[in-house]
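K.L.:
Provided below: work_18.cif, containing mmCIF, C-alpha atoms.
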```
data_structure
#
loop_
_atom_site.label_atom_id
_atom_site.label_comp_id
_atom_site.auth_asym_id
_atom_site.auth_seq_id
_atom_site.Cartn_x
_atom_site.Cartn_y
_atom_site.Cartn_z
CA MET N 5 17.81 -2.57 -32.27
CA THR N 6 17.24 0.21 -29.82
CA GLY N 7 16.79 -1.86 -26.74
CA GLN N 8 19.87 -3.85 -27.49
CA THR N 9 21.08 -5.43 -24.33
CA VAL N 10 24.55 -6.79 -24.02
CA VAL N 11 23.89 -10.35 -23.00
CA PRO N 12 26.93 -12.44 -22.25
CA ALA N 13 27.02 -15.55 -24.40
CA LEU N 14 24.87 -18.14 -22.69
CA SER N 15 25.49 -21.85 -22.53
CA GLY N 16 22.69 -24.14 -23.63
CA THR N 17 22.06 -25.00 -20.01
CA GLN N 18 21.82 -21.35 -19.00
CA GLU N 19 19.42 -20.62 -21.82
CA ALA N 20 17.27 -23.57 -20.73
CA ILE N 21 17.23 -22.27 -17.15
CA LEU N 22 16.26 -18.74 -18.18
CA ALA N 23 13.58 -19.96 -20.57
CA ALA N 24 12.16 -22.28 -17.91
CA TYR N 25 12.12 -19.53 -15.29
CA THR N 26 10.48 -17.13 -17.75
CA GLU N 27 7.69 -19.63 -18.41
CA LEU N 28 7.19 -20.15 -14.70
CA ILE N 29 7.05 -16.42 -13.99
CA GLU N 30 4.17 -16.14 -16.43
CA GLU N 31 2.41 -19.06 -14.79
CA LEU N 32 3.11 -18.40 -11.10
CA GLY N 33 4.61 -14.93 -10.67
CA SER N 34 8.25 -14.30 -9.82
CA ASP N 35 7.92 -14.69 -6.06
CA ASP N 36 6.84 -18.27 -5.78
CA VAL N 37 9.19 -20.10 -8.07
CA SER N 38 11.71 -22.34 -6.32
CA TYR N 39 14.99 -23.50 -7.82
CA ARG N 40 13.68 -27.02 -7.60
CA VAL N 41 10.69 -26.19 -9.81
CA ILE N 42 12.91 -24.35 -12.29
CA ALA N 43 15.28 -27.31 -12.46
CA ARG N 44 12.44 -29.72 -13.06
CA ARG N 45 11.00 -27.56 -15.85
CA ALA N 46 14.42 -27.20 -17.48
CA GLY N 47 15.05 -30.92 -17.12
CA ILE N 48 18.28 -30.54 -15.17
CA ALA N 49 19.52 -31.03 -11.61
CA GLU N 50 18.77 -28.36 -9.02
CA ARG N 51 22.47 -28.01 -8.21
CA THR N 52 23.13 -27.11 -11.85
CA VAL N 53 20.82 -24.13 -11.44
CA PHE N 54 22.69 -23.11 -8.29
CA ARG N 55 26.05 -23.52 -9.98
CA ASN N 56 25.03 -21.16 -12.79
CA TYR N 57 23.05 -18.69 -10.70
CA PRO N 58 24.17 -18.83 -7.06
CA THR N 59 21.58 -16.33 -5.82
CA ARG N 60 18.07 -15.33 -6.80
CA VAL N 61 19.34 -11.87 -7.69
CA ASP N 62 21.84 -13.39 -10.13
CA LEU N 63 19.04 -15.40 -11.65
CA LEU N 64 16.67 -12.44 -11.92
CA LEU N 65 19.26 -10.15 -13.49
CA ALA N 66 20.15 -12.78 -16.08
CA THR N 67 16.50 -13.53 -16.78
CA ALA N 68 15.54 -9.89 -17.21
CA ALA N 69 18.45 -9.31 -19.61
CA TRP N 70 17.48 -12.40 -21.56
CA ILE N 71 13.83 -11.34 -21.81
CA GLU N 72 14.86 -7.85 -23.00
CA ALA N 73 17.14 -9.35 -25.64
CA THR N 74 14.70 -11.97 -26.93
CA LEU N 75 10.99 -11.55 -26.20
CA PHE N 76 11.17 -7.74 -25.97
CA ALA N 77 13.77 -7.24 -28.72
CA ARG N 78 12.97 -4.47 -31.19
CA GLU N 79 13.64 -3.66 -34.78
CA GLU N 80 16.78 -1.66 -35.20
CA SER N 81 16.18 2.07 -35.54
CA HIS N 82 18.27 3.69 -38.25
CA SER N 83 17.56 7.21 -37.09
CA ILE N 84 16.97 8.77 -33.70
CA PHE N 85 13.82 10.24 -35.23
CA ASP N 86 12.48 6.71 -35.76
CA LEU N 87 12.61 6.05 -32.04
CA PRO N 88 8.94 6.91 -31.39
CA LEU N 89 7.98 4.08 -33.75
CA ALA N 90 10.18 1.61 -31.87
CA ILE N 91 8.73 2.82 -28.56
CA ARG N 92 5.19 2.37 -29.80
CA GLU N 93 5.90 -1.22 -30.82
CA ALA N 94 7.78 -1.96 -27.61
CA MET N 95 4.80 -0.85 -25.50
CA GLN N 96 2.57 -3.27 -27.38
CA ARG N 97 5.02 -6.05 -26.76
CA TYR N 98 5.09 -5.33 -23.03
CA ASP N 99 1.33 -5.27 -22.92
CA ALA N 100 1.18 -8.78 -24.36
CA ARG N 101 3.41 -10.16 -21.56
CA PRO N 102 2.47 -8.18 -18.44
CA GLU N 103 4.09 -10.44 -15.84
CA LEU N 104 7.40 -10.39 -17.67
CA ALA N 105 7.16 -6.64 -18.20
CA HIS N 106 6.86 -6.10 -14.45
CA VAL N 107 9.81 -8.37 -13.72
CA VAL N 108 12.04 -6.56 -16.21
CA ALA N 109 10.94 -3.17 -14.89
CA GLU N 110 11.56 -4.11 -11.29
CA THR N 111 14.92 -5.68 -11.98
CA ALA N 112 16.16 -2.54 -13.71
CA MET N 113 15.31 -0.50 -10.60
CA ARG N 114 17.32 -2.47 -8.07
CA GLY N 115 20.23 -0.08 -7.99
CA VAL N 116 22.66 -2.97 -7.79
CA ASN N 117 25.58 -3.89 -9.96
CA GLY N 118 24.38 -5.71 -12.99
CA ALA N 119 20.96 -4.06 -13.08
CA ALA N 120 20.85 -2.29 -16.43
CA PRO N 121 18.34 0.53 -16.25
CA SER N 122 19.32 1.97 -19.64
CA PRO N 123 20.36 -0.87 -21.90
CA GLY N 124 19.73 1.13 -25.07
CA ARG N 125 21.83 4.12 -24.07
CA ALA N 126 24.87 3.41 -26.26
CA GLN N 127 22.69 2.88 -29.29
CA LEU N 128 20.82 6.16 -28.69
CA GLU N 129 24.10 8.03 -28.33
CA ARG N 130 25.39 6.57 -31.56
CA LEU N 131 22.28 7.61 -33.49
CA LEU N 132 22.16 11.09 -31.95
CA ASP N 133 25.85 11.77 -32.53
CA ALA N 134 25.58 10.68 -36.16
CA GLU N 135 22.61 12.92 -36.92
CA VAL N 136 22.78 15.83 -34.50
CA PRO N 137 26.43 16.16 -33.48
CA SER N 138 26.16 19.86 -32.61
CA LEU N 139 24.50 19.53 -29.19
CA ASP N 140 26.42 20.67 -26.15
CA ALA N 141 27.17 18.04 -23.51
CA ALA N 142 24.33 18.92 -21.10
CA ARG N 143 21.72 19.08 -23.85
CA ARG N 144 22.91 15.82 -25.36
CA ARG N 145 22.74 14.12 -22.01
CA ALA N 146 19.24 15.45 -21.33
CA VAL N 147 17.94 14.21 -24.69
CA ILE N 148 19.50 10.77 -24.26
CA ALA N 149 18.26 10.47 -20.68
CA ALA N 150 14.70 11.41 -21.59
CA LEU N 151 14.54 9.08 -24.58
CA SER N 152 16.17 6.26 -22.69
CA HIS N 153 13.62 6.67 -19.90
CA LEU N 154 10.70 6.63 -22.34
CA ASP N 155 12.08 3.68 -24.29
CA SER N 156 11.76 1.35 -21.33
CA VAL N 157 9.24 -0.93 -19.73
CA GLY N 158 8.92 1.54 -16.84
CA THR N 159 6.82 3.69 -19.16
CA TRP N 160 4.34 0.90 -19.74
CA VAL N 161 4.14 0.09 -16.02
CA THR N 162 3.66 3.71 -14.95
CA PHE N 163 1.13 4.73 -17.58
CA ARG N 164 -0.91 1.62 -16.91
CA ARG N 165 -0.78 1.74 -13.16
CA GLU N 166 -1.09 5.47 -12.55
CA PHE N 167 -3.45 6.38 -15.37
CA GLY N 168 -5.24 3.13 -16.13
CA MET N 169 -4.27 3.41 -19.78
CA ASP N 170 -4.81 0.51 -22.15
CA ARG N 171 -2.38 -0.77 -24.77
CA ARG N 172 -3.24 1.80 -27.43
CA ASP N 173 -3.21 4.74 -25.07
CA ILE N 174 0.13 3.74 -23.59
CA ALA N 175 1.74 3.28 -27.01
CA ASP N 176 0.32 6.61 -28.15
CA ALA N 177 1.32 8.60 -25.07
CA ALA N 178 4.84 7.15 -24.94
CA ALA N 179 5.47 7.86 -28.62
CA TRP N 180 3.97 11.34 -28.20
CA ALA N 181 6.33 12.14 -25.32
CA ALA N 182 9.30 10.90 -27.37
CA GLU N 183 8.23 13.18 -30.24
CA ALA N 184 8.15 16.05 -27.74
CA VAL N 185 11.74 15.35 -26.71
CA LEU N 186 12.75 15.21 -30.39
CA ASP N 187 10.95 18.48 -31.23
CA GLY N 188 13.86 20.49 -29.88
CA ILE N 189 16.40 18.88 -32.22
CA ARG N 190 14.28 18.13 -35.29
CA ASP N 191 15.84 20.74 -37.52
CA ARG N 192 19.39 20.49 -36.27
CA VAL N 193 20.42 17.52 -38.35
CA THR N 194 23.79 17.73 -40.07
CA PRO N 195 23.20 17.47 -43.84
CA ALA N 196 24.43 14.16 -45.20
CA MET E 1 11.02 3.58 17.41
CA GLU E 2 9.93 6.33 19.73
CA GLU E 3 6.19 5.70 19.70
CA PRO E 4 4.50 2.41 20.29
CA VAL E 5 3.01 1.50 16.95
CA ASP E 6 0.99 -1.32 15.48
CA THR E 7 2.80 -4.46 14.40
CA ALA E 8 2.49 -3.78 10.68
CA THR E 9 4.16 -0.39 11.05
CA ALA E 10 6.79 -1.68 13.48
CA ILE E 11 7.82 -4.23 10.85
CA LEU E 12 8.20 -1.49 8.24
CA ALA E 13 10.18 0.76 10.57
CA SER E 14 12.56 -2.11 11.35
CA ALA E 15 12.90 -2.98 7.67
CA ALA E 16 13.86 0.64 7.02
CA VAL E 17 16.55 0.38 9.72
CA LEU E 18 17.93 -2.78 8.11
CA LEU E 19 17.93 -1.08 4.69
CA ARG E 20 20.70 1.19 5.91
CA GLU E 21 23.13 -1.70 5.91
CA ARG E 22 21.81 -4.12 3.30
CA THR E 23 19.63 -4.27 0.22
CA PHE E 24 15.98 -5.22 0.31
CA ASP E 25 16.81 -8.62 -1.17
CA ASP E 26 19.15 -9.33 1.73
CA ILE E 27 16.54 -8.64 4.39
CA SER E 28 15.16 -12.04 5.27
CA TYR E 29 11.88 -12.47 7.15
CA ARG E 30 13.97 -14.22 9.79
CA ALA E 31 16.28 -11.22 10.31
CA LEU E 32 13.34 -8.87 10.24
CA ALA E 33 11.50 -10.90 12.87
CA ASP E 34 14.57 -10.76 15.12
CA GLU E 35 14.89 -7.02 14.64
CA VAL E 36 11.24 -6.38 15.57
CA GLY E 37 11.23 -9.03 18.29
CA ILE E 38 8.27 -10.99 16.92
CA SER E 39 7.87 -14.34 15.22
CA GLU E 40 8.50 -14.87 11.55
CA ARG E 41 4.95 -16.13 11.27
CA THR E 42 3.58 -12.77 12.37
CA ILE E 43 5.43 -11.10 9.53
CA TYR E 44 4.03 -13.59 7.04
CA ARG E 45 0.57 -12.86 8.37
CA GLN E 46 1.03 -9.13 7.71
CA TYR E 47 2.97 -9.47 4.46
CA PRO E 48 2.29 -12.82 2.78
CA THR E 49 4.90 -12.24 0.05
CA ARG E 50 7.97 -10.08 -0.36
CA ALA E 51 6.06 -8.08 -2.96
CA HIS E 52 3.51 -7.13 -0.29
CA LEU E 53 6.32 -6.13 2.04
CA LEU E 54 8.05 -4.10 -0.66
CA ALA E 55 4.86 -2.21 -1.57
CA ALA E 56 4.02 -1.41 2.04
CA LEU E 57 7.61 -0.45 2.88
CA SER E 58 7.76 1.89 -0.08
CA ASN E 59 4.53 3.64 0.97
CA TRP E 60 5.76 4.03 4.50
CA ILE E 61 9.17 5.38 3.44
CA GLU E 62 7.48 7.78 1.04
CA GLN E 63 5.25 9.21 3.77
CA THR E 64 7.99 9.29 6.37
CA TYR E 65 11.02 10.45 4.43
CA PHE E 66 9.87 11.86 1.11
CA PRO E 67 6.67 13.82 1.72
CA LEU E 68 5.76 15.64 -1.46
CA PRO E 69 5.64 19.42 -1.05
CA PRO E 70 2.25 20.71 -2.21
CA PHE E 71 2.16 22.43 -5.60
CA VAL E 72 -0.39 24.28 -7.67
CA THR E 73 1.58 25.87 -10.50
CA VAL E 74 4.00 24.25 -12.91
CA SER E 75 6.96 26.06 -11.38
CA ASP E 76 5.94 24.89 -7.89
CA PHE E 77 5.69 21.39 -9.32
CA CYS E 78 9.23 21.56 -10.68
CA ALA E 79 10.52 22.93 -7.37
CA ALA E 80 8.76 20.12 -5.47
CA VAL E 81 10.29 17.49 -7.73
CA HIS E 82 13.76 19.02 -7.35
CA GLU E 83 13.38 18.81 -3.60
CA ARG E 84 12.41 15.16 -3.88
CA PHE E 85 15.31 14.27 -6.16
CA ARG E 86 17.70 15.88 -3.67
CA ALA E 87 16.07 13.93 -0.85
CA PHE E 88 16.44 10.74 -2.92
CA ASP E 89 20.14 11.50 -3.41
CA ALA E 90 20.55 11.88 0.35
CA SER E 91 18.93 8.47 1.03
CA PRO E 92 19.50 6.39 -2.08
CA ALA E 93 18.69 3.05 -0.47
CA TYR E 94 15.22 4.33 0.41
CA ALA E 95 14.68 5.90 -2.98
CA TYR E 96 15.57 2.66 -4.78
CA VAL E 97 12.92 0.87 -2.75
CA GLY E 98 10.39 3.40 -4.03
CA ALA E 99 11.56 3.01 -7.62
CA ARG E 100 11.40 -0.73 -7.36
CA ALA E 101 8.01 -0.85 -5.68
CA SER E 102 6.54 1.33 -8.41
CA ALA E 103 7.64 -1.27 -10.97
CA ILE E 104 6.21 -4.42 -9.44
CA SER E 105 3.01 -6.11 -10.38
CA PRO E 106 0.47 -4.61 -7.96
CA THR E 107 -0.30 -6.89 -5.02
CA ILE E 108 -3.43 -5.08 -3.96
CA ASP E 109 -5.87 -2.72 -5.60
CA ILE E 110 -3.73 0.31 -5.76
CA GLU E 111 -4.76 3.89 -5.98
CA PRO E 112 -2.74 6.16 -8.21
CA ALA E 113 -0.01 7.93 -6.22
CA TYR E 114 -0.80 11.30 -4.68
CA ILE E 115 1.56 13.01 -7.10
CA THR E 116 -0.47 11.67 -10.04
CA ARG E 117 -3.64 13.31 -8.74
CA ALA E 118 -1.76 16.50 -7.94
CA ILE E 119 -0.39 16.72 -11.49
CA GLU E 120 -3.87 16.18 -12.93
CA ALA E 121 -5.30 18.89 -10.66
CA MET E 122 -2.50 21.26 -11.65
CA LEU E 123 -3.29 20.78 -15.35
CA ASP E 124 -7.02 21.27 -14.72
CA VAL E 125 -6.22 24.73 -13.40
CA ALA E 126 -3.32 25.65 -15.68
CA ALA E 127 -4.85 24.41 -18.94
CA PRO E 128 -8.64 24.33 -18.48
CA THR E 129 -9.48 24.22 -22.19
CA LEU E 130 -7.02 21.48 -23.10
CA ASN E 131 -8.67 18.39 -24.62
CA ARG E 132 -8.75 15.23 -22.57
CA ARG E 133 -6.37 13.18 -24.68
CA ASP E 134 -3.58 15.75 -24.67
CA ARG E 135 -4.17 16.38 -21.00
CA ARG E 136 -3.56 12.72 -20.25
CA ARG E 137 -0.47 12.57 -22.40
CA VAL E 138 0.98 15.61 -20.66
CA ALA E 139 0.04 14.34 -17.19
CA ALA E 140 1.51 10.89 -17.88
CA SER E 141 4.75 12.39 -19.23
CA LEU E 142 5.17 14.77 -16.30
CA ARG E 143 4.38 11.99 -13.88
CA TYR E 144 6.92 9.65 -15.39
CA PHE E 145 9.70 12.24 -15.52
CA SER E 146 9.08 13.16 -11.87
CA SER E 147 9.22 9.54 -10.68
CA ALA E 148 11.68 7.72 -8.48
CA MET E 149 12.26 5.56 -11.57
CA PHE E 150 13.62 8.58 -13.46
CA TRP E 151 15.94 9.40 -10.58
CA ALA E 152 17.07 5.77 -10.27
CA ARG E 153 17.67 5.34 -14.00
CA LEU E 154 19.73 8.51 -14.25
CA ARG E 155 21.70 7.71 -11.13
CA THR E 156 22.47 4.08 -11.98
CA GLY E 157 22.48 4.20 -15.77
CA PHE E 158 24.05 7.64 -16.26
CA ASP E 159 25.97 8.26 -13.01
CA LEU E 160 24.27 11.62 -12.50
CA ASP E 161 23.90 13.48 -9.21
CA ALA E 162 20.74 15.24 -8.02
CA GLY E 163 21.66 18.57 -9.64
CA GLU E 164 22.21 16.96 -13.03
CA ILE E 165 19.05 14.90 -12.67
CA CYS E 166 17.08 18.09 -11.91
CA ASP E 167 18.51 19.67 -15.09
CA ALA E 168 17.50 16.64 -17.17
CA PHE E 169 14.04 16.75 -15.57
CA ASP E 170 13.61 20.47 -16.37
CA HIS E 171 14.64 19.83 -19.95
CA ALA E 172 12.18 16.95 -20.34
CA VAL E 173 9.31 18.92 -18.78
CA GLY E 174 10.13 21.86 -21.05
CA THR E 175 9.91 19.74 -24.18
CA VAL E 176 6.58 18.23 -23.13
CA LEU E 177 4.94 21.56 -22.27
CA ALA E 178 6.31 23.14 -25.45
CA ARG E 179 4.20 20.70 -27.49
CA LEU E 180 1.06 22.58 -26.48
CA PRO E 181 0.05 25.85 -28.14
CA ALA E 182 0.94 28.88 -26.03
CA ALA E 183 -2.75 29.82 -25.78
CA THR E 184 -3.38 26.62 -23.82
CA TRP E 185 -2.16 28.14 -20.60
CA ALA E 186 -4.59 30.01 -18.39
CA GLN E 187 -3.57 33.56 -17.66
CA PRO E 188 -3.11 34.08 -13.95
#
```
Here is a file; write its structure as structure tokens.

P.N.:
Amino acid sequence: MTGQTVVPALSGTQEAILAAYTELIEELGSDDVSYRVIARRAGIAERTVFRNYPTRVDLLLATAAWIEATLFAREESHSIFDLPLAIREAMQRYDARPELAHVVAETAMRGVNGAAPSPGRAQLERLLDAEVPSLDAARRRAVIAALSHLDSVGTWVTFRREFGMDRRDIADAAAWAAEAVLDGIRDRVTPA
Amino acid sequence: MEEPVDTATAILASAAVLLRERTFDDISYRALADEVGISERTIYRQYPTRAHLLAALSNWIEQTYFPLPPFVTVSDFCAAVHERFRAFDASPAYAYVGARASAISPTIDIEPAYITRAIEAMLDVAAPTLNRRDRRRVAASLRYFSSAMFWARLRTGFDLDAGEICDAFDHAVGTVLARLPAATWAQP
């Protein structure tokens, strides 16, 4: 899967906390949810939440990674040239869960340790290197950076907010831009 | 602060001062109130949630530290974005606030950013016969590659500096514009 996020193995308790917080974000927004409410929803003691996630930032980072890996998980792409399809589907998934999409987008932009703005990078590099190994380092980096940027929830947020696009338009424009990035390397595939 | 300003702006200016030594998450309303010399309640009245504060702070920082150079042509646009990315690199804490604020669920009815309108106006002039759908796809792509989010992602996720980010931006813009037939572009 393209958006594969490396999520450390979670305990059952941690998974219950993250799932409870995710539900509450959709009901109340991310700002107004206290640890006490999360604990009650997860059916555990408040101090258990604190022991697992000492700060709100810890909790948000873990929750965003969990959402990316579960609710926003994608089909695995077998070729870099399939990426526009995965992007199209991802945009539709974000559109169905707008509150969560904003939380994941914001968390990735914190510029702190643990924020993962490009979780799918390694996967993109693997696909590109397998199919188009001849790119020089700068070109390779530019292609990966552009695709990684487009294959993210930031695309959905920006296209919606700045251009008022709806679900179909966002999916179309994001996939179109990814095709544009791929245009330059379309015919440079190493024969199998 | 040199000039006496209204309370809302004084709060933002003080928040920007605090951002030099800690992250936005570590700026409590309590600390902010002490810095401005007002009560915590006054801050809550101006900015009922941290999301409100973040959005307002980002706007203020943008106007104060990252004014967008005007552009009409595509090459002016690229030059303006380069200048911004270099300014972001010089004040990363401020730029991250902008990237983050552009990702949050809007707290108020927001207008599209100035740069969005400027990109649309540029395309109106540069590609007057381009159909509406392609125009929007191009505008949205250019907008997204010129964003603080792009800078933040490449800095944090790829460890790139401003020069390398500008190169990646130029490459992305080139691929997007190359999708359109050459005849699209108005002759100067």

K.L.:
So which residues get picked by the PyMOL selection byres ((chain N) within 6 of (chain E)) here, written as a ChimeraX atom specification?

P.N.:
/N:106,109-110,113,121-122,146,166,177,184-185

K.L.:
Just write the chosen residues, C-alpha atoms, as a short mmCIF file (atom, residue, chain, number, x, y, z; two decimals), in the frame of the given file.

P.N.:
```
data_model
loop_
_atom_site.label_atom_id
_atom_site.label_comp_id
_atom_site.auth_asym_id
_atom_site.auth_seq_id
_atom_site.Cartn_x
_atom_site.Cartn_y
_atom_site.Cartn_z
CA HIS N 106 6.86 -6.10 -14.45
CA ALA N 109 10.94 -3.17 -14.89
CA GLU N 110 11.56 -4.11 -11.29
CA MET N 113 15.31 -0.50 -10.60
CA PRO N 121 18.34 0.53 -16.25
CA SER N 122 19.32 1.97 -19.64
CA ALA N 146 19.24 15.45 -21.33
CA GLU N 166 -1.09 5.47 -12.55
CA ALA N 177 1.32 8.60 -25.07
CA ALA N 184 8.15 16.05 -27.74
CA VAL N 185 11.74 15.35 -26.71
#
```

K.L.:
Could you jot down the CA of Leu87 in chain N to CA of Arg172 in chain N separation for me, Å, one decimal place?

P.N.:
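Between these atoms lies a distance of 17.0 Å.
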
K.L.:
Might you pull out every residue within 7 Å of Trp185 in chain E, with all atoms listed in the file counted and same-chain residues fewer than 3 positions away left off, and present them as a list in words?

P.N.:
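Here the answer would be Ala126, Ala127 and Ala182 of chain E.
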
K.L.:
Once the PyMOL selection byres ((chain N and resi 133) around 12) has been evaluated on this model, what residues remain selected, and can you format them as a list in words?

P.N.:
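This file gives the following for the PyMOL selection byres ((chain N and resi 133) around 12): Ser83, Ile84, Ala126, Gln127, Leu128, Glu129, Arg130, Leu131, Leu132, Ala134, Glu135, Val136, Pro137, Ser138, Leu139, Asp140, Ala141, Arg144, Arg145, Val147, Ile148, Ile189, Arg192, Val193 and Thr194 of chain N.
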
K.L.:
Expressed in Å to a single decimal, how great is the separation between CA of Ala186 in chain E and CA of Arg135 in chain E?

P.N.:
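About the pair CA of Ala186 in chain E and CA of Arg135 in chain E: they are 13.9 Å apart.
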
K.L.:
Evaluated on this file, the PyMOL selection byres ((chain E and resi 57-62) around 7) picks out some residues - which ones are they, written as a list in words?

P.N.:
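After applying the PyMOL selection byres ((chain E and resi 57-62) around 7), what remains is Leu12, Leu53, Leu54, Ala55, Ala56, Gln63, Thr64, Tyr65, Phe66, Pro67, Tyr94, Val97, Gly98 and Ala101 of chain E.
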
K.L.:
Distance CA of Phe88 in chain E-CA of His52 in chain E, one decimal place?

P.N.:
22.2 Å

K.L.:
Counting all atoms listed in the file, what is within 8 Å of range 20-22 of chain N, bar same-chain residues fewer than 2 positions away, as a list in words?

P.N.:
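That gives Gly16, Thr17, Gln18, Ala24, Tyr25, Thr26, Ile42, Ala43, Ala46, Val53, Leu63, Ala66, Thr67 and Trp70 of chain N.
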
K.L.:
Using all atoms listed in the file, determine which residues lie at most 8 Å from range 75-82 of chain E, disregarding the query and same-chain residues fewer than 6 positions distant; provide the list as a ChimeraX atom specification.

P.N.:
/E:68-69,119,146,162,166,170

K.L.:
Tyr98 in chain N: which residues within 12 Å, counting all atoms listed in the file, same-chain residues fewer than 2 positions away excluded, as a PyMOL selection string?

P.N.:
chain N and resi 71-72+75-78+91-96+100-109+155-161+164+170-172+174-175

K.L.:
Near Leu65 in chain N, counting all atoms listed in the file, which residues have an atom at most 9 Å away, once you skip same-chain residues fewer than 5 positions from it, shown as a PDB file with C-alpha atoms, in the frame of the given file?

P.N.:
```
ATOM      1  CA  ARG N  60      18.070 -15.330  -6.800  1.00  0.00           C
ATOM      2  CA  TRP N  70      17.480 -12.400 -21.560  1.00  0.00           C
ATOM      3  CA  VAL N 108      12.040  -6.560 -16.210  1.00  0.00           C
ATOM      4  CA  THR N 111      14.920  -5.680 -11.980  1.00  0.00           C
ATOM      5  CA  ALA N 112      16.160  -2.540 -13.710  1.00  0.00           C
ATOM      6  CA  GLY N 118      24.380  -5.710 -12.990  1.00  0.00           C
ATOM      7  CA  ALA N 119      20.960  -4.060 -13.080  1.00  0.00           C
ATOM      8  CA  ALA N 120      20.850  -2.290 -16.430  1.00  0.00           C
TER       9      ALA N 120
END
```

K.L.:
Quick one: axis-aligned box around all listed atoms of range 131-149 of chain E, 4 Å on every side, centre and edge lengths in Å to one decimal, written as JSON.

P.N.:
```
{"center_x": 1.8, "center_y": 12.0, "center_z": -16.6, "size_x": 29.0, "size_y": 20.8, "size_z": 24.2}
```

K.L.:
Using all atoms listed in the file, pick whichever of E:Leu19, E:Ala10, E:Val72, E:Ile38 has the shortest atom-to-atom distance to Leu123 in chain E.

P.N.:
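Using all atoms listed in the file, Leu123 in chain E sits closest to E:Val72.
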